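**Q** Just one file: input.txt, with compact mmCIF, C-alpha atoms.
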```txt
# COMPACT_ATOMS: atom_id res chain seq x y z
CA MET A 1 102.38 -1.57 -72.36
CA THR A 2 106.02 -2.34 -72.98
CA ALA A 3 108.39 -4.74 -71.28
CA ALA A 4 109.79 -1.85 -69.22
CA ASP A 5 106.29 -1.16 -67.89
CA VAL A 6 105.84 -4.79 -66.87
CA VAL A 7 109.22 -5.02 -65.13
CA PHE A 8 108.68 -1.68 -63.43
CA GLY A 9 105.24 -2.81 -62.26
CA ALA A 10 106.69 -6.00 -60.78
CA LEU A 11 109.45 -4.04 -59.00
CA GLY A 12 106.83 -1.56 -57.83
CA LEU A 13 104.80 -4.37 -56.28
CA VAL A 14 107.91 -5.52 -54.40
CA VAL A 15 108.56 -1.94 -53.25
CA LEU A 16 105.00 -1.42 -52.06
CA GLY A 17 104.72 -4.81 -50.37
CA ALA A 18 108.01 -4.33 -48.54
CA ALA A 19 107.01 -0.78 -47.55
CA VAL A 20 103.70 -2.00 -46.10
CA LEU A 21 105.60 -4.65 -44.16
CA VAL A 22 108.02 -1.98 -42.90
CA VAL A 23 105.20 0.04 -41.36
CA THR A 24 103.18 -2.93 -40.08
CA ALA A 25 105.81 -5.41 -38.87
CA ARG A 26 105.53 -6.31 -35.21
CA ASN A 27 109.29 -6.42 -34.82
CA VAL A 28 111.62 -3.45 -35.29
CA ILE A 29 114.43 -5.64 -36.63
CA HIS A 30 112.13 -7.20 -39.23
CA ALA A 31 110.95 -3.74 -40.25
CA ALA A 32 114.56 -2.64 -40.81
CA LEU A 33 115.26 -5.75 -42.89
CA TRP A 34 112.14 -5.19 -45.01
CA LEU A 35 113.47 -1.68 -45.54
CA VAL A 36 116.48 -3.30 -47.25
CA VAL A 37 114.15 -5.13 -49.66
CA CYS A 38 112.21 -1.93 -50.34
CA PHE A 39 115.33 0.14 -51.04
CA GLY A 40 116.88 -2.60 -53.16
CA ALA A 41 113.80 -2.82 -55.38
CA LEU A 42 113.75 0.98 -55.61
CA ALA A 43 117.34 0.85 -56.84
CA GLY A 44 116.08 -1.52 -59.55
CA CYS A 45 113.41 1.06 -60.42
CA TYR A 46 116.11 3.74 -60.77
CA LEU A 47 118.10 1.42 -63.05
CA LEU A 48 115.03 0.99 -65.26
CA LEU A 49 114.65 4.78 -65.41
CA THR A 50 118.28 4.91 -66.69
CA ALA A 51 119.58 6.54 -63.50
CA GLU A 52 122.49 4.18 -62.91
CA PHE A 53 124.54 6.44 -60.67
CA VAL A 54 121.57 7.24 -58.40
CA ALA A 55 120.75 3.52 -58.24
CA TRP A 56 124.20 2.57 -56.99
CA VAL A 57 124.33 5.50 -54.59
CA GLN A 58 120.97 4.28 -53.29
CA VAL A 59 122.42 0.81 -52.73
CA LEU A 60 125.58 2.15 -51.07
CA ILE A 61 124.05 4.81 -48.83
CA TYR A 62 120.52 3.62 -48.10
CA VAL A 63 121.02 -0.14 -47.99
CA GLY A 64 124.62 0.06 -46.81
CA ALA A 65 124.63 2.93 -44.35
CA ILE A 66 121.20 4.12 -43.28
CA VAL A 67 119.70 0.69 -42.60
CA VAL A 68 122.81 -0.23 -40.61
CA LEU A 69 122.39 2.98 -38.60
CA LEU A 70 118.74 2.12 -37.95
CA LEU A 71 119.70 -1.40 -36.86
CA PHE A 72 122.31 0.07 -34.51
CA ALA A 73 119.68 2.39 -33.05
CA ALA A 74 117.27 -0.51 -32.57
CA MET A 75 120.05 -2.42 -30.82
CA LEU A 76 121.17 0.49 -28.61
CA THR A 77 117.61 1.30 -27.54
CA ARG A 78 117.18 -2.35 -26.53
CA ALA A 79 114.41 -3.06 -28.99
CA PRO A 80 112.64 -6.30 -28.12
CA ILE A 81 113.92 -9.10 -30.32
CA GLY A 82 110.58 -10.89 -30.39
CA PRO A 83 107.33 -9.42 -31.67
CA SER A 84 105.94 -6.61 -29.54
CA GLN A 85 102.43 -5.27 -29.43
CA ASP A 86 103.29 -1.71 -28.41
CA LEU A 87 104.93 -0.70 -31.69
CA ASP A 88 101.77 1.02 -32.88
CA SER A 89 100.10 3.90 -31.13
CA GLY A 90 96.38 4.31 -30.63
CA ASN A 91 95.78 6.45 -33.69
CA ARG A 92 96.03 3.70 -36.29
CA PRO A 93 92.48 4.23 -37.66
CA ALA A 94 93.15 7.95 -38.12
CA ALA A 95 96.49 7.10 -39.76
CA VAL A 96 94.75 4.74 -42.21
CA VAL A 97 92.23 7.45 -43.11
CA VAL A 98 94.91 10.09 -43.64
CA ALA A 99 97.10 7.73 -45.69
CA LEU A 100 94.15 6.75 -47.91
CA ALA A 101 93.27 10.41 -48.38
CA VAL A 102 96.87 11.19 -49.37
CA ALA A 103 96.98 8.25 -51.79
CA VAL A 104 93.64 9.12 -53.43
CA THR A 105 94.48 12.83 -53.68
CA PHE A 106 97.92 12.33 -55.17
CA GLY A 107 96.75 9.46 -57.38
CA THR A 108 93.87 11.46 -58.84
CA LEU A 109 96.04 14.53 -59.34
CA LEU A 110 98.83 12.60 -61.06
CA VAL A 111 96.47 10.58 -63.27
CA GLN A 112 94.71 13.75 -64.37
CA ALA A 113 97.97 15.54 -65.07
CA PHE A 114 100.23 12.88 -66.58
CA ARG A 115 97.87 10.22 -67.97
CA THR A 116 99.24 10.41 -71.48
CA SER A 117 102.86 11.34 -70.78
CA TYR A 118 105.40 8.91 -72.07
CA VAL A 119 109.07 8.49 -71.21
CA ASP A 120 111.22 7.52 -74.17
CA LEU A 121 113.82 5.47 -72.34
CA HIS A 122 115.91 4.91 -75.46
CA ARG A 123 116.55 8.61 -75.88
CA VAL A 124 117.69 9.12 -72.29
CA ALA A 125 119.83 5.97 -72.13
CA GLY A 126 123.35 6.75 -70.92
CA SER A 127 122.43 10.11 -69.39
CA GLY A 128 122.47 8.76 -65.84
CA GLY A 129 126.01 7.41 -65.72
CA GLY A 130 128.78 8.70 -63.53
CA GLN A 131 130.27 11.06 -66.11
CA PRO A 132 127.10 13.01 -67.09
CA ILE A 133 126.00 13.30 -63.47
CA GLY A 134 129.46 14.41 -62.38
CA GLU A 135 129.53 17.02 -65.12
CA ALA A 136 126.08 18.29 -64.11
CA ILE A 137 127.07 18.52 -60.43
CA PHE A 138 130.41 20.23 -60.93
CA ARG A 139 129.30 22.56 -63.71
CA ASN A 140 125.82 23.67 -62.69
CA TYR A 141 125.31 22.60 -59.09
CA VAL A 142 128.62 23.34 -57.38
CA LEU A 143 127.07 25.60 -54.75
CA PRO A 144 124.42 23.03 -53.60
CA PHE A 145 127.20 20.44 -53.56
CA GLU A 146 129.35 22.56 -51.24
CA ILE A 147 126.33 23.38 -49.06
CA ALA A 148 125.61 19.65 -48.80
CA SER A 149 129.16 19.03 -47.61
CA VAL A 150 128.86 21.78 -44.97
CA LEU A 151 125.51 20.31 -43.93
CA LEU A 152 127.04 16.86 -43.52
CA LEU A 153 129.83 18.32 -41.40
CA ALA A 154 127.32 20.17 -39.23
CA ALA A 155 125.23 17.00 -38.85
CA LEU A 156 128.33 15.04 -37.88
CA VAL A 157 129.36 17.58 -35.23
CA GLY A 158 125.76 17.78 -33.98
CA ALA A 159 125.47 14.01 -33.68
CA ILE A 160 128.76 13.83 -31.73
CA VAL A 161 127.73 16.62 -29.38
CA LEU A 162 124.30 15.09 -28.83
CA SER A 163 125.59 11.61 -28.08
CA ARG A 164 128.35 12.72 -25.67
CA PRO A 165 126.62 14.47 -22.79
CA GLU A 166 129.79 14.64 -20.67
CA ILE A 167 131.20 17.36 -22.94
CA GLY A 168 129.01 19.98 -21.30
CA ASP A 169 129.98 19.03 -17.76
CA ARG A 170 133.69 19.60 -18.04
CA MET B 1 107.47 3.60 -70.31
CA HIS B 2 104.39 5.48 -69.20
CA LEU B 3 105.29 8.27 -66.81
CA ILE B 4 102.25 7.54 -64.67
CA VAL B 5 103.65 4.19 -63.50
CA PRO B 6 106.58 5.57 -61.44
CA LEU B 7 104.51 8.58 -60.33
CA LEU B 8 101.71 6.36 -58.97
CA LEU B 9 104.27 4.13 -57.27
CA ALA B 10 105.83 7.21 -55.63
CA ALA B 11 102.41 8.49 -54.49
CA LEU B 12 101.50 5.12 -52.94
CA LEU B 13 104.92 4.82 -51.29
CA PHE B 14 104.46 8.30 -49.84
CA ALA B 15 101.02 7.31 -48.50
CA VAL B 16 102.52 4.22 -46.85
CA GLY B 17 105.15 6.47 -45.28
CA VAL B 18 102.46 8.83 -43.99
CA TYR B 19 100.66 5.89 -42.42
CA GLY B 20 103.85 4.69 -40.73
CA LEU B 21 104.67 8.19 -39.49
CA LEU B 22 101.26 8.55 -37.87
CA ALA B 23 100.71 5.01 -36.63
CA ARG B 24 104.08 4.02 -35.25
CA ARG B 25 104.99 4.53 -31.62
CA ASN B 26 108.64 3.52 -31.60
CA ALA B 27 110.84 6.47 -32.62
CA VAL B 28 113.14 4.24 -34.71
CA ALA B 29 110.13 2.93 -36.66
CA VAL B 30 108.97 6.52 -37.22
CA LEU B 31 112.38 7.30 -38.72
CA MET B 32 111.97 4.33 -41.08
CA ALA B 33 108.63 5.76 -42.25
CA VAL B 34 110.32 9.11 -42.92
CA GLU B 35 112.90 7.29 -45.03
CA LEU B 36 110.07 5.77 -47.10
CA MET B 37 108.64 9.25 -47.75
CA LEU B 38 112.04 10.61 -48.80
CA ASN B 39 112.41 7.71 -51.20
CA ALA B 40 109.02 8.48 -52.74
CA ALA B 41 110.23 12.02 -53.42
CA ASN B 42 113.44 10.62 -54.91
CA LEU B 43 111.51 8.37 -57.27
CA ASN B 44 109.61 11.42 -58.50
CA PHE B 45 112.87 13.29 -59.08
CA VAL B 46 114.34 10.43 -61.10
CA ALA B 47 111.14 9.83 -63.11
CA PHE B 48 110.87 13.49 -64.11
CA SER B 49 114.58 13.56 -64.87
CA ALA B 50 113.99 10.83 -67.46
CA TYR B 51 110.78 12.47 -68.72
CA LEU B 52 112.28 15.94 -69.18
CA ARG B 53 115.69 14.61 -70.37
CA ASP B 54 117.39 16.80 -67.78
CA SER B 55 119.93 15.47 -65.33
CA ALA B 56 118.92 18.05 -62.69
CA GLY B 57 116.40 15.61 -61.25
CA GLN B 58 119.04 12.97 -60.65
CA VAL B 59 121.41 15.54 -59.12
CA PHE B 60 118.73 16.60 -56.66
CA ALA B 61 117.90 12.97 -55.93
CA LEU B 62 121.55 12.63 -54.85
CA PHE B 63 121.19 15.71 -52.65
CA VAL B 64 118.07 14.21 -51.08
CA ILE B 65 120.04 11.04 -50.30
CA VAL B 66 122.75 13.16 -48.62
CA LEU B 67 120.07 15.01 -46.64
CA ALA B 68 118.53 11.70 -45.60
CA ALA B 69 121.89 10.50 -44.31
CA ALA B 70 122.35 13.68 -42.26
CA GLU B 71 118.75 13.52 -41.03
CA VAL B 72 118.97 9.91 -39.91
CA GLY B 73 122.29 10.54 -38.15
CA ILE B 74 120.93 13.45 -36.12
CA GLY B 75 117.60 11.68 -35.58
CA LEU B 76 119.26 8.58 -34.18
CA ALA B 77 121.48 10.68 -31.89
CA ILE B 78 118.34 12.34 -30.53
CA VAL B 79 116.61 8.96 -30.13
CA LEU B 80 119.61 7.57 -28.24
CA LEU B 81 119.70 10.64 -25.99
CA LEU B 82 116.00 10.22 -25.34
CA PHE B 83 116.48 6.56 -24.46
CA ARG B 84 119.39 7.37 -22.16
CA ASN B 85 117.46 10.05 -20.29
CA ARG B 86 113.99 8.54 -20.18
CA GLY B 87 114.46 4.82 -20.75
CA THR B 88 111.87 4.75 -23.52
CA VAL B 89 111.64 5.45 -27.23
CA ALA B 90 107.84 5.54 -27.35
CA ILE B 91 107.10 8.98 -28.71
CA ASP B 92 103.72 9.30 -26.98
CA GLU B 93 105.31 8.97 -23.55
CA VAL B 94 107.49 12.03 -24.04
CA ARG B 95 105.18 14.87 -23.09
CA SER B 96 107.27 17.05 -20.81
CA LEU B 97 107.12 20.01 -23.20
CA ALA B 98 103.47 20.39 -22.28
CA ASP B 99 102.68 23.05 -19.66
CA ALA B 100 100.52 21.00 -17.32
CA ASP B 101 103.05 18.28 -16.48
CA PRO B 102 105.35 18.82 -13.52
CA PRO B 103 109.00 18.90 -14.59
CA GLU B 104 110.55 15.46 -14.43
CA PRO B 105 113.89 15.26 -12.62
CA ALA B 106 116.62 14.84 -15.19
CA PRO B 107 119.33 12.30 -14.38
CA ALA B 108 122.85 13.49 -13.82
CA GLY B 109 124.71 14.21 -16.99
CA ALA B 110 121.61 15.17 -18.96
CA ARG B 111 121.09 18.61 -20.34
```
Rewrite the structure from the file as C-alpha cells, please.

**A**
Amino acid sequence: MTAADVVFGALGLVVLGAAVLVVTARNVIHAALWLVVCFGALAGCYLLLTAEFVAWVQVLIYVGAIVVLLLFAAMLTRAPIGPSQDLDSGNRPAAVVVALAVAVTFGTLLVQAFRTSYVDLHRVAGSGGGQPIGEAIFRNYVLPFEIASVLLLAALVGAIVLSRPEIGDR
Amino acid sequence: MHLIVPLLLAALLFAVGVYGLLARRNAVAVLMAVELMLNAANLNFVAFSAYLRDSAGQVFALFVIVLAAAEVGIGLAIVLLLFRNRGTVAIDEVRSLADADPPEPAPAGAR
C-alpha cells in the first residue's frame, strides 16, 4: 500500500460517488454537473497513472465539450429545472440486479486475474507526455488517426443533416 | 501501485453506467450513462498502458474520447429530432417501430 494507492483510492471514491449521483439524481442538470466532478476526478486518476496527455484531453473534451453538449441538449429538450419523478423508468429493480451482476462478475474476474500485478509508476514516468504520445500516434497509428478524422467529419455532417429537417423539403 | 485498484474502479464505474443505461427514462440521462461506461473502458486502457509500459493503450484511450465526442454529437441530434417530432424524450414512450401500433401522423417537416 503506497501513497499512490491511497490517493488513487480517494480519487476513485470521488469518481464512484459522483457516478452514482449522475445515475440517481432527480434533476437532469444536477446529473450533468455531477458528470463534471466524475470526469475531473477521472482526469486525476489518469495523471496518477502517468498519462498526462490523456488527462488533459479528458479535461478539454469531456469536461469542456461533452458536458456542455449534454447541458445544451437538456436545455433544448426543455428539461424540468426542478426535481422530476419521471426520470427513472419502471425497470429500476431489474437494472440494480443486472448492474450488481456485472460488478460481481467483472470484480471476481479481475481479482482472480490481476491480484498480484503491480504497476511500477517510476519506470513509466514521462511516457504519457505530449511528445511520446504524438510519436506513437504519428509513427504507428496514423491510419486509425486518419479514420478518426473521417469519422468526426461524418458525424459532423450527420448531426447537421439530422438537426435541419428543412434540407429535405427543398 | 497495484493494478487491481484502477481495474476494480473501472469495473464498478462500468456497472454504475449499466445501471444508468437500464434505469433512466430521459434520453439525455441515458447518454450520460453511456459516457460513464466509455470512461470505464478508458480507465482500463490507461491502466494497462502503464502496466505493460506501452503507449498503445493511451493512444486508443484518445481514440475512444474522439469516438465519444462523435457519438454524443449524433446522439444529441437524434434526441433533439425526437423532441421536435414527438414532444418527449422519454425513451419508453417511443414505440412506433412496433408492428401493433397504428402509425402516428408525423408533423410537417419531419422525415

**Q** Pick from A:Leu33, A:Leu21, A:Ala10, A:Ala159: nearest to chain B, with all atoms listed in the file counted?

**A**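 Comparing A:Leu33, A:Leu21, A:Ala10, A:Ala159 against chain B, the winner is A:Ala159.
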
**Q** List as a PDB file with C-alpha atoms, keeping the file's coordinate frame the protein and nucleic acid residues near Ser84 of chain A, meaning an atom at most 9 Å away when only C-alpha atoms are counted, but skip any in the same chain fewer than 5 places from it.

**A**
```
ATOM      1  CA  ARG A  26     105.530  -6.310 -35.210  1.00  0.00           C
ATOM      2  CA  ASN A  27     109.290  -6.420 -34.820  1.00  0.00           C
ATOM      3  CA  VAL A  28     111.620  -3.450 -35.290  1.00  0.00           C
TER       4      VAL A  28
END
```

**Q** In the coordinates of the file, take the point (117.4, 1.5, -26.7) and a cut-off of 10 Å; then, counting all atoms listed in the file, name each qualifying protein, DNA or RNA residue as number ranges by chain.

**A** A: 72-80; B: 28, 79-84, 87-89

**Q** Using all atoms listed in the file, which residues sit within 10 Å of segment 51-61 of chain B once same-chain residues fewer than 6 positions away are excluded, as an MDAnalysis selection string?

**A** (chainID A and resid 46 49 51:55 57:58 117:121 123:125 127:128 132:137 140:141 144:145) or (chainID B and resid 1:3 38:39 41:45 67)

**Q** At a cut-off of 6 Å, list the chain A residues touching chain B, using all atoms listed in the file, as a list of chain:residue names.

**A**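 So the contacting residues turn out to be A:Asp5, A:Val23, A:Leu87, A:Asp88, A:Ser89, A:Asn91, A:Arg92, A:Ala95, A:Ala99, A:Val102, A:Ala103, A:Phe106, A:Ser117, A:Tyr118, A:Val119, A:Leu152, A:Ala155, A:Ala159, A:Ser163.
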
**Q** A:Val63, A:Asp86, A:Leu151, A:Ala43: which is nearest Ala25 of chain A, counting only C-alpha atoms?

**A**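 Selected residue with least distance to Ala25 of chain A: A:Asp86.
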
**Q** So the first atom is atom CA of Arg115 of chain A and the second is atom CA of Gly44 of chain A; what is the distance between them in Å, to one decimal place?

**A**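 Pair atom CA of Arg115 of chain A / atom CA of Gly44 of chain A returns 23.2 Å.
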
**Q** For Gly126 of chain A, which residue among A:Phe8, A:Leu47, A:Pro93, A:Thr2 is the nearest when counting only C-alpha atoms?

**A**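 Nearest candidate to Gly126 of chain A out of A:Phe8, A:Leu47, A:Pro93, A:Thr2: A:Leu47.
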